[in-house]
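Student: Could you have a look at this structure, given as structure tokens, before my questions?
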Amino acid sequence: MALEITDVNFETEVIKSDKPVLVDFWASWCGPCKMMTPVIETAAQKHADTVKIGKLNVDDNPDTARNFGITAIPTLILFADGKEKKRHVGLLQEDSLDSFLKENLA
Amino acid sequence: MSDPLPEHELIIIGGGVAGLAAGIYSVRSRIDTLLIERAFPGGLAFSTHLIENYPGFPGGISGPELTGKFEAQGRELGLKIDNRGVSSIHPADDGFVLTTSAGALKTKAVIIATGVTPKQLGIPGETEFFTRGVSYCATCDGPLFRDREVAVLGGGDSAVQEAIYLSRLCSKVHLIHRRDRLRATPILQEKAEEKPNLEFHLSNIPEAIEGKERVEGVRLRNLKTGESKLLRVDAVFVYVGYNPHTEFLGDLIELDDGYIITDDDMSTSREGIFAAGDVRKKPLRQISTAVSDGAVAATSAEQYLENIESSVKTETDENKKLMLRLKRIEGQIRGIQRLLQQGHDCKAVLQQISAARAALFRAGIHSAVANFRRCAYDGKGATTDFHEDIERFLETLEKFS
């Protein structure tokens, strides 16, 4: 299961994480986000060794969404050492997400 | 040997309302149908916040809800929906081969329902700030600008409809249109005028979208005063029209300004390819007209599939008769051999040769007639001109005699 990231736990789960973290910014009213969900869940299992994968609901957690200037969703941000390393806006299929992680986790 | 390509009777390209309606009709006709969608089903209707002119839903229905129902109904009836993009269509033996992002596919008939994509305005900052404040879908991105100031560019139905929607979320909405009056339907204009936080900027041209990291404003030039000013907004929603999604077709079928030309039965200039929905050249692009197109296209495709199936059958029957004729000619040839072996006179042998030759000639005529389509068209595809077809047929016959 992908981890639930919130305004409250963002600091501890993402910024202070030892492992890189991939955060999926989403909302319940967003169709493409719903299509992203199974892809994210699969990736969370498949890549559990190398990356922590979480989901952040932008409606429930407006502060974090605003801090990172989320102006379109789904947005995926890969964090490493507490900093934004790479961002992707829009739906990704499973193989594209795999290569996104592979390229940016090296 | 490589595996044969996955094959279907009908492939529908595009999962908007036209494609989904076509799919619902074709699976109910028990046609082996595959619908291909490159993103997610719903199409342009998905991104409409509130649909108030599709009959059957008093009070209106949201785009995601309505298109979700279309999709659910299709799937319930057995419609297969595949997530992949199509990059080209090639005519092949007995149908077409589609090149897709997930391998090639074979099909006997195609319905193109690829719709339209929002047009870009082409002003500085538009591409640069796309997904960073520039959006073509208020339903998709509007809620991210709750309680902020935004601008909508355009003056048609979509622009006004989405400005009304945004006015419920955002602190202020600026509607910017180059002409001195809106093009939108009067009922929408009236609704828009009632919104206290919706401000009209008519006779204004957007010149550039400005900002550093993200959109910070849009620069407007007033056509009446010539004055230029920066309007501070956090997002710009562009609704300035649409482009048909047909570039992947090349010159496969006839287009007019990018839109597919069809007959009333949704057939295109190429036999076996049909079109439905916004991608067609037509006077009104609505959900209701897209649904109608989809139903008609599916029915025409069904008729087409039936016709090619029955023509294959008659061709086979004709071929059987032809084989019998050839067998009889074989017998005649063996007869001639016997006559020669037995030392019969020249006259009898020549008579038999002449009879065999005449029989062979008739077999040729019969073969040409039986395979009229194949011989006449010579792989060039059907035309709609009967005279041209006959001429091609006669050319084929001349080559034979």
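Ordered as shown in the structure tokens, chains take letters A, B, and onward, while each chain numbers its residues from 1 and ligands are numbered from 1 in the order shown.
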I need the contact residues of chain A against chain B, so if you could list those with any atom within 12 Å, counting only C-alpha atoms, and return them as JSON, numbers by chain, that would help.
Tutor: {"A": [25, 26, 27, 28, 29, 30, 31, 32, 33, 34, 35, 36, 57, 58, 59, 60, 61, 62, 63, 65, 66, 68, 69, 70, 71, 72, 73, 74, 75, 87, 88, 89, 90, 91, 92, 93, 94, 95]}
Student: Which of these, B:Arg328, B:Arg183, B:Arg75, B:Lys108, has the shortest distance to Glu309 of chain B once you count only C-alpha atoms?
Tutor: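 So, comparing all the options, the nearest one is B:Lys108.
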Student: Can you work out which one of A:Lys85, A:Lys46, A:Lys102, A:Lys55 has the shortest atom-to-atom distance to Phe10 of chain A, counting only C-alpha atoms?
Tutor: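 Looking only at the distances to Phe10 of chain A, the closest residue turns out to be A:Lys55.
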Student: At a cut-off of 8 Å, can you tabulate as a Markdown table every residue of segment 233-287 of chain B near segment 149-159 of chain B together with its closest atom pair and the distance in Å to one decimal, using only C-alpha atoms and ordering rows by chain then number?
Tutor:
```
| residue | atom | partner | partner_atom | distance |
| --- | --- | --- | --- | --- |
| B:Val233 | CA | B:Val150 | CA | 4.9 |
| B:Asp234 | CA | B:Val150 | CA | 5.6 |
| B:Ala235 | CA | B:Val150 | CA | 4.8 |
| B:Val236 | CA | B:Ala151 | CA | 4.8 |
| B:Phe237 | CA | B:Val152 | CA | 4.7 |
| B:Val238 | CA | B:Leu153 | CA | 4.9 |
| B:Tyr239 | CA | B:Ala159 | CA | 5.1 |
| B:Val240 | CA | B:Gly154 | CA | 5.0 |
```
